[in-house]
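In what follows, a structure is listed as structure tokens, so that the remarks can point back to it.
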Amino acid sequence: FILLGFPSLISVQMILFFVFLIFYMLTLSGNFLILLVTLATKLLHTPMYFFLCNLSVLEILYTSVTTPKMLFNFILKTTSITFNDCVAQMYFFIALGSIECTLLAVMAYDRYVAICNPLQYVLVMNTTTCIALVCGSWISGFLNSMVHTVSTFQLHFCSSNRINQFFCDIPPLLKLACGNTLPSEVVLFIVGGAYGFGSFLSTVISYIHIIRTILEIKSTEGRKKAFSTCTSHLTVVTLFYGTSFSAYLKPTSKYSSEEGKLVPVFYSVITPMLNPIIYTLRNKEFKTAVKKIMRLRF
């Protein structure tokens, strides 16, 4: 296959290389910072930070599936990708995106228990439960991706080998397929839609209960404190689902190549870079832990 990438921006490819390289380095450094600070601080060894560490690992892997290849294409001017590499790239990209869907729902449930049932929190969110929720997220994500990958690559690609995207993704590959792509599109809508919407619905239900509980808190300070623990996660959920649904839950006939390139850049490159900033910017516990480590080191 040939990854066309951004042919209309060929004159500024070196600028794009440095821009995306900076984004990638910020993503790695931000998420590794969360991992290192959490592991080094016993006070942060809680379910919320356990899930956040898993999200950080996920973001590092997620952006690493597409960004390094894109950077190599920019600087080496090579845009080819083998069939097997294309299969692997799409499989892991969809798997990690699916895992993030479920993990965000798990994190919403964690906030629900913490705010709506604080006295039961330690009992409900015990170590066994947390590990089971995380393992379930990872396993279900890989299984969901397997269905989509098999469904897509059992098609015949005889019309062209030029993928109008910077990585191997379902919509542009379906555009290349000859023959009937309806079964694969149905799989995308039903299986992918059920998986994504199920996780999204679970998140929404958790937040409905959270908001209702927060509104019942009499003190303004109490409401503000309770809501501040959720704003970061709510921001990430909005960014992730907003871009993901717009990319995948539409017929192939309505797939726009330009929009189809812009949206994946947002949720595969920019969102993983923003997540560490969103989660730590207003997090007093995390900032205190960073300051403590800095004092001990210097």
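Chain lettering (A, B, ...) mirrors the order of the structure tokens, residue numbering begins at 1 for each chain separately, and ligand numbering begins at 1 in order of display.
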
May I have all residues of segment 105-281 of chain A that DSSP, computed from the backbone, assigns to strand (DSSP E or B), given as an NGL selection string? :A and (156 or 162-163 or 178)

Find the residues near segment 199-208 of chain A: any atom within 9 Å, counting only C-alpha atoms, skip ones fewer than 3 places away on the same chain, and give them as number ranges by chain. A: 101-113, 194-196, 211-213, 230, 234, 237, 241

Could you save those same residues with N, CA and C atoms as a PDB file, in the first residue's frame?
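Saved to again-v5.pdb:
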```pdb
ATOM      1  N   CYS A 101     -12.006   3.791  25.039  1.00  0.00           N
ATOM      2  CA  CYS A 101     -13.456   3.940  25.237  1.00  0.00           C
ATOM      3  C   CYS A 101     -13.882   3.324  26.563  1.00  0.00           C
ATOM      4  N   THR A 102     -13.489   2.060  26.755  1.00  0.00           N
ATOM      5  CA  THR A 102     -13.891   1.322  27.951  1.00  0.00           C
ATOM      6  C   THR A 102     -13.239   1.888  29.197  1.00  0.00           C
ATOM      7  N   LEU A 103     -11.966   2.253  29.092  1.00  0.00           N
ATOM      8  CA  LEU A 103     -11.241   2.773  30.249  1.00  0.00           C
ATOM      9  C   LEU A 103     -11.823   4.104  30.720  1.00  0.00           C
ATOM     10  N   LEU A 104     -12.262   4.939  29.798  1.00  0.00           N
ATOM     11  CA  LEU A 104     -12.907   6.201  30.172  1.00  0.00           C
ATOM     12  C   LEU A 104     -14.217   5.938  30.908  1.00  0.00           C
ATOM     13  N   ALA A 105     -14.939   4.884  30.498  1.00  0.00           N
ATOM     14  CA  ALA A 105     -16.171   4.500  31.196  1.00  0.00           C
ATOM     15  C   ALA A 105     -15.858   3.989  32.600  1.00  0.00           C
ATOM     16  N   VAL A 106     -14.777   3.228  32.723  1.00  0.00           N
ATOM     17  CA  VAL A 106     -14.339   2.722  34.031  1.00  0.00           C
ATOM     18  C   VAL A 106     -13.962   3.877  34.953  1.00  0.00           C
ATOM     19  N   MET A 107     -13.262   4.864  34.418  1.00  0.00           N
ATOM     20  CA  MET A 107     -12.859   6.027  35.214  1.00  0.00           C
ATOM     21  C   MET A 107     -14.074   6.848  35.647  1.00  0.00           C
ATOM     22  N   ALA A 108     -15.098   6.907  34.791  1.00  0.00           N
ATOM     23  CA  ALA A 108     -16.341   7.595  35.152  1.00  0.00           C
ATOM     24  C   ALA A 108     -17.043   6.849  36.288  1.00  0.00           C
ATOM     25  N   TYR A 109     -17.029   5.513  36.212  1.00  0.00           N
ATOM     26  CA  TYR A 109     -17.624   4.699  37.282  1.00  0.00           C
ATOM     27  C   TYR A 109     -16.877   4.901  38.601  1.00  0.00           C
ATOM     28  N   ASP A 110     -15.558   4.999  38.519  1.00  0.00           N
ATOM     29  CA  ASP A 110     -14.743   5.255  39.713  1.00  0.00           C
ATOM     30  C   ASP A 110     -15.145   6.569  40.371  1.00  0.00           C
ATOM     31  N   ARG A 111     -15.346   7.619  39.572  1.00  0.00           N
ATOM     32  CA  ARG A 111     -15.772   8.923  40.105  1.00  0.00           C
ATOM     33  C   ARG A 111     -17.192   8.839  40.660  1.00  0.00           C
ATOM     34  N   TYR A 112     -18.039   8.026  40.012  1.00  0.00           N
ATOM     35  CA  TYR A 112     -19.412   7.836  40.491  1.00  0.00           C
ATOM     36  C   TYR A 112     -19.422   7.242  41.897  1.00  0.00           C
ATOM     37  N   VAL A 113     -18.632   6.187  42.090  1.00  0.00           N
ATOM     38  CA  VAL A 113     -18.573   5.545  43.411  1.00  0.00           C
ATOM     39  C   VAL A 113     -17.983   6.504  44.444  1.00  0.00           C
ATOM     40  N   ALA A 194     -22.038  -0.427  18.799  1.00  0.00           N
ATOM     41  CA  ALA A 194     -22.474  -0.984  20.083  1.00  0.00           C
ATOM     42  C   ALA A 194     -21.374  -0.868  21.133  1.00  0.00           C
ATOM     43  N   TYR A 195     -20.138  -1.147  20.719  1.00  0.00           N
ATOM     44  CA  TYR A 195     -19.003  -1.078  21.654  1.00  0.00           C
ATOM     45  C   TYR A 195     -18.784   0.367  22.114  1.00  0.00           C
ATOM     46  N   GLY A 196     -18.684   1.270  21.150  1.00  0.00           N
ATOM     47  CA  GLY A 196     -18.426   2.669  21.490  1.00  0.00           C
ATOM     48  C   GLY A 196     -19.584   3.312  22.219  1.00  0.00           C
ATOM     49  N   ILE A 211     -23.751  14.305  38.761  1.00  0.00           N
ATOM     50  CA  ILE A 211     -24.282  15.678  38.747  1.00  0.00           C
ATOM     51  C   ILE A 211     -25.457  15.817  39.709  1.00  0.00           C
ATOM     52  N   ARG A 212     -26.324  14.799  39.729  1.00  0.00           N
ATOM     53  CA  ARG A 212     -27.465  14.843  40.647  1.00  0.00           C
ATOM     54  C   ARG A 212     -27.002  14.880  42.101  1.00  0.00           C
ATOM     55  N   THR A 213     -25.985  14.084  42.420  1.00  0.00           N
ATOM     56  CA  THR A 213     -25.442  14.065  43.788  1.00  0.00           C
ATOM     57  C   THR A 213     -24.773  15.390  44.132  1.00  0.00           C
ATOM     58  N   CYS A 230     -14.087  15.927  38.666  1.00  0.00           N
ATOM     59  CA  CYS A 230     -14.634  15.313  37.446  1.00  0.00           C
ATOM     60  C   CYS A 230     -14.372  16.111  36.177  1.00  0.00           C
ATOM     61  N   LEU A 234     -14.167  14.682  32.329  1.00  0.00           N
ATOM     62  CA  LEU A 234     -15.269  15.070  31.445  1.00  0.00           C
ATOM     63  C   LEU A 234     -14.751  15.756  30.184  1.00  0.00           C
ATOM     64  N   VAL A 237     -13.264  13.003  27.947  1.00  0.00           N
ATOM     65  CA  VAL A 237     -14.360  12.222  27.356  1.00  0.00           C
ATOM     66  C   VAL A 237     -14.974  12.963  26.169  1.00  0.00           C
ATOM     67  N   TYR A 241     -14.714  11.203  22.460  1.00  0.00           N
ATOM     68  CA  TYR A 241     -15.915  10.696  21.801  1.00  0.00           C
ATOM     69  C   TYR A 241     -16.376  11.607  20.670  1.00  0.00           C
TER      70      TYR A 241
END
```

Between A:Ser137, A:His209, A:Asn180, A:Asn275, which has the minimum distance to Thr238 of chain A (counting only C-alpha atoms)?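 Comparing A:Ser137, A:His209, A:Asn180, A:Asn275 against Thr238 of chain A, the winner is A:Asn275.
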
List the spatial neighbours of Thr181 of chain A as a list in words - criterion: any atom at most 10 Å away, only C-alpha atoms, same-chain residues fewer than 5 positions off excluded.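 Here the answer would be Ser151, Thr152, Leu155, His156, Leu174, Lys175, Leu176, Val186 and Thr252 of chain A.
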
In Å, rounded to a single decimal, give me how far atom CA of Asn164 of chain A is from atom CA of Ser184 of chain A.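 Here the two named atoms are 18.7 Å from each other.
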
Just want the 7 Å neighbourhood of Ser268 of chain A, counted on only C-alpha atoms, with same-chain residues fewer than 3 positions away dropped. Output as a compact mmCIF listing (two decimals) with N, CA and C atoms, in the first residue's frame.
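The resulting around-v3.txt:
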```txt
# COMPACT_ATOMS: atom_id res chain seq x y z
N TYR A 62 -0.89 4.30 21.89
CA TYR A 62 -1.85 4.75 20.87
C TYR A 62 -1.21 5.69 19.86
N THR A 63 -0.52 6.70 20.36
CA THR A 63 0.12 7.67 19.45
C THR A 63 1.35 7.07 18.76
N PRO A 264 -8.59 12.21 12.55
CA PRO A 264 -7.63 11.29 13.18
C PRO A 264 -6.40 11.98 13.76
N VAL A 265 -5.94 13.06 13.12
CA VAL A 265 -4.81 13.82 13.67
C VAL A 265 -5.17 14.32 15.06
N THR A 271 -4.98 14.83 21.07
CA THR A 271 -5.63 14.44 22.34
C THR A 271 -4.69 13.72 23.29
N PRO A 272 -3.88 12.73 22.84
CA PRO A 272 -2.92 12.10 23.77
C PRO A 272 -1.91 13.09 24.35
```

Point-to-point distance in Å for atom CA of Leu71 of chain A and atom CA of Ser29 of chain A: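 According to the coordinates, atom CA of Ser29 of chain A and atom CA of Leu71 of chain A are separated by 17.5 Å.
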
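Every protein or nucleic acid residue with an atom no more than 10 Å from Leu4 of chain A, counting only C-alpha atoms and leaving out same-chain residues fewer than 5 positions away, appears here: Asn73, Thr78, Thr79, Ser80, Arg162, Ile163, Asn164, Gln165, Phe166 and Phe167 of chain A.
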
Could you pull the residues within 12 Å of Phe51 of chain A, counting only C-alpha atoms, minus those fewer than 3 positions along the same chain, as an NGL selection string? :A and (34-35 or 38 or 44-48 or 54-58 or 99-100 or 102-111 or 125 or 127 or 129-135 or 137 or 233 or 279)

For those residues, write C-alpha atoms to a file as a compact mmCIF listing (two decimals), in the first residue's frame.
```txt
# COMPACT_ATOMS: atom_id res chain seq x y z
CA ILE A 34 2.34 10.83 35.22
CA LEU A 35 3.63 7.25 35.43
CA THR A 38 2.46 8.14 40.54
CA LEU A 44 -1.16 8.52 44.76
CA HIS A 45 -1.49 4.73 44.96
CA THR A 46 -5.29 4.92 44.68
CA PRO A 47 -7.79 3.49 42.17
CA MET A 48 -8.12 6.85 40.38
CA ASN A 54 -3.26 2.78 32.54
CA LEU A 55 -4.61 5.64 30.43
CA SER A 56 -1.09 7.11 30.20
CA VAL A 57 0.36 3.77 29.03
CA LEU A 58 -2.49 3.55 26.55
CA ILE A 99 -9.62 0.17 25.13
CA GLU A 100 -9.66 3.92 25.72
CA THR A 102 -13.89 1.32 27.95
CA LEU A 103 -11.24 2.77 30.25
CA LEU A 104 -12.91 6.20 30.17
CA ALA A 105 -16.17 4.50 31.20
CA VAL A 106 -14.34 2.72 34.03
CA MET A 107 -12.86 6.03 35.21
CA ALA A 108 -16.34 7.59 35.15
CA TYR A 109 -17.62 4.70 37.28
CA ASP A 110 -14.74 5.26 39.71
CA ARG A 111 -15.77 8.92 40.11
CA MET A 125 -13.09 -0.18 44.39
CA THR A 127 -7.61 -4.04 44.25
CA THR A 129 -12.11 -4.99 41.22
CA CYS A 130 -9.70 -2.41 39.78
CA ILE A 131 -7.50 -5.06 38.15
CA ALA A 132 -10.58 -6.87 36.77
CA LEU A 133 -11.97 -3.64 35.27
CA VAL A 134 -8.64 -2.77 33.62
CA CYS A 135 -8.06 -6.31 32.29
CA SER A 137 -11.02 -3.10 29.15
CA HIS A 233 -12.17 13.48 32.95
CA TYR A 279 -5.45 15.75 34.15
```

Contacts of Pro276 of chain A at 10 Å or less, counting only C-alpha atoms, minus same-chain residues fewer than 6 places along, as a list in words?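 Surrounding residues, per the criterion: Leu26, Thr27, Leu28, Ser29, Gly30, Asn31, Phe32, Leu33, Ile34, Leu52, Leu55, Ser56, Glu59, Ser232 and Val236 of chain A.
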
Which residue gives the smallest distance to Lys225 of chain A among A:Ile115, A:Tyr91, A:Val263, A:Gly192, with only C-alpha atoms counted?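 Among the listed residues, A:Ile115 lies closest to Lys225 of chain A.
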
Among segment 114-149 of chain A, which ones does DSSP assign to alpha helix (DSSP H) (computed from the backbone)? Answer as a PyMOL selection string. chain A and resi 114-116+121-124+127-149

Restricting it to N, CA and C atoms, dump the selection as a short mmCIF file (atom, residue, chain, number, x, y, z; two decimals), in the first residue's frame.
```
data_model
loop_
_atom_site.label_atom_id
_atom_site.label_comp_id
_atom_site.auth_asym_id
_atom_site.auth_seq_id
_atom_site.Cartn_x
_atom_site.Cartn_y
_atom_site.Cartn_z
N ALA A 114 -16.94 7.24 44.07
CA ALA A 114 -16.26 8.16 45.00
C ALA A 114 -17.18 9.28 45.45
N ILE A 115 -18.02 9.78 44.56
CA ILE A 115 -18.88 10.93 44.89
C ILE A 115 -20.25 10.51 45.40
N CYS A 116 -20.84 9.49 44.79
CA CYS A 116 -22.20 9.08 45.16
C CYS A 116 -22.24 8.09 46.32
N TYR A 121 -16.65 3.37 49.01
CA TYR A 121 -15.63 3.45 47.96
C TYR A 121 -14.51 2.43 48.14
N VAL A 122 -13.93 2.38 49.33
CA VAL A 122 -12.81 1.46 49.58
C VAL A 122 -13.25 0.01 49.40
N LEU A 123 -14.48 -0.28 49.81
CA LEU A 123 -15.00 -1.64 49.70
C LEU A 123 -15.28 -2.03 48.25
N VAL A 124 -15.89 -1.11 47.50
CA VAL A 124 -16.27 -1.39 46.11
C VAL A 124 -15.05 -1.39 45.19
N THR A 127 -8.66 -3.69 45.22
CA THR A 127 -7.61 -4.04 44.25
C THR A 127 -8.09 -5.03 43.20
N THR A 128 -8.82 -6.06 43.65
CA THR A 128 -9.31 -7.08 42.72
C THR A 128 -10.25 -6.48 41.68
N THR A 129 -11.16 -5.62 42.13
CA THR A 129 -12.11 -4.99 41.22
C THR A 129 -11.40 -4.11 40.20
N CYS A 130 -10.44 -3.32 40.67
CA CYS A 130 -9.70 -2.41 39.78
C CYS A 130 -8.94 -3.18 38.70
N ILE A 131 -8.26 -4.25 39.11
CA ILE A 131 -7.50 -5.06 38.15
C ILE A 131 -8.45 -5.73 37.15
N ALA A 132 -9.60 -6.22 37.64
CA ALA A 132 -10.58 -6.87 36.77
C ALA A 132 -11.14 -5.89 35.74
N LEU A 133 -11.43 -4.66 36.17
CA LEU A 133 -11.97 -3.64 35.27
C LEU A 133 -10.95 -3.27 34.19
N VAL A 134 -9.69 -3.13 34.59
CA VAL A 134 -8.64 -2.77 33.62
C VAL A 134 -8.39 -3.93 32.64
N CYS A 135 -8.28 -5.14 33.16
CA CYS A 135 -8.06 -6.31 32.29
C CYS A 135 -9.23 -6.49 31.32
N GLY A 136 -10.45 -6.29 31.83
CA GLY A 136 -11.63 -6.39 30.97
C GLY A 136 -11.60 -5.37 29.84
N SER A 137 -11.13 -4.16 30.16
CA SER A 137 -11.02 -3.10 29.15
C SER A 137 -10.04 -3.49 28.05
N TRP A 138 -8.87 -3.98 28.45
CA TRP A 138 -7.84 -4.35 27.46
C TRP A 138 -8.26 -5.54 26.62
N ILE A 139 -8.82 -6.56 27.25
CA ILE A 139 -9.21 -7.77 26.51
C ILE A 139 -10.34 -7.46 25.53
N SER A 140 -11.37 -6.73 25.99
CA SER A 140 -12.50 -6.41 25.12
C SER A 140 -12.07 -5.54 23.94
N GLY A 141 -11.12 -4.64 24.18
CA GLY A 141 -10.62 -3.78 23.11
C GLY A 141 -9.92 -4.57 22.01
N PHE A 142 -9.09 -5.52 22.40
CA PHE A 142 -8.38 -6.35 21.42
C PHE A 142 -9.34 -7.25 20.65
N LEU A 143 -10.37 -7.76 21.34
CA LEU A 143 -11.36 -8.60 20.67
C LEU A 143 -12.19 -7.79 19.68
N ASN A 144 -12.58 -6.59 20.08
CA ASN A 144 -13.34 -5.71 19.19
C ASN A 144 -12.54 -5.38 17.93
N SER A 145 -11.26 -5.11 18.11
CA SER A 145 -10.40 -4.79 16.97
C SER A 145 -10.23 -5.98 16.03
N MET A 146 -10.18 -7.18 16.61
CA MET A 146 -10.02 -8.37 15.78
C MET A 146 -11.19 -8.52 14.81
N VAL A 147 -12.40 -8.26 15.31
CA VAL A 147 -13.59 -8.35 14.47
C VAL A 147 -13.49 -7.39 13.29
N HIS A 148 -13.12 -6.13 13.56
CA HIS A 148 -13.04 -5.11 12.51
C HIS A 148 -11.89 -5.38 11.52
N THR A 149 -10.77 -5.84 12.05
CA THR A 149 -9.61 -6.10 11.19
C THR A 149 -9.88 -7.26 10.23
#
```
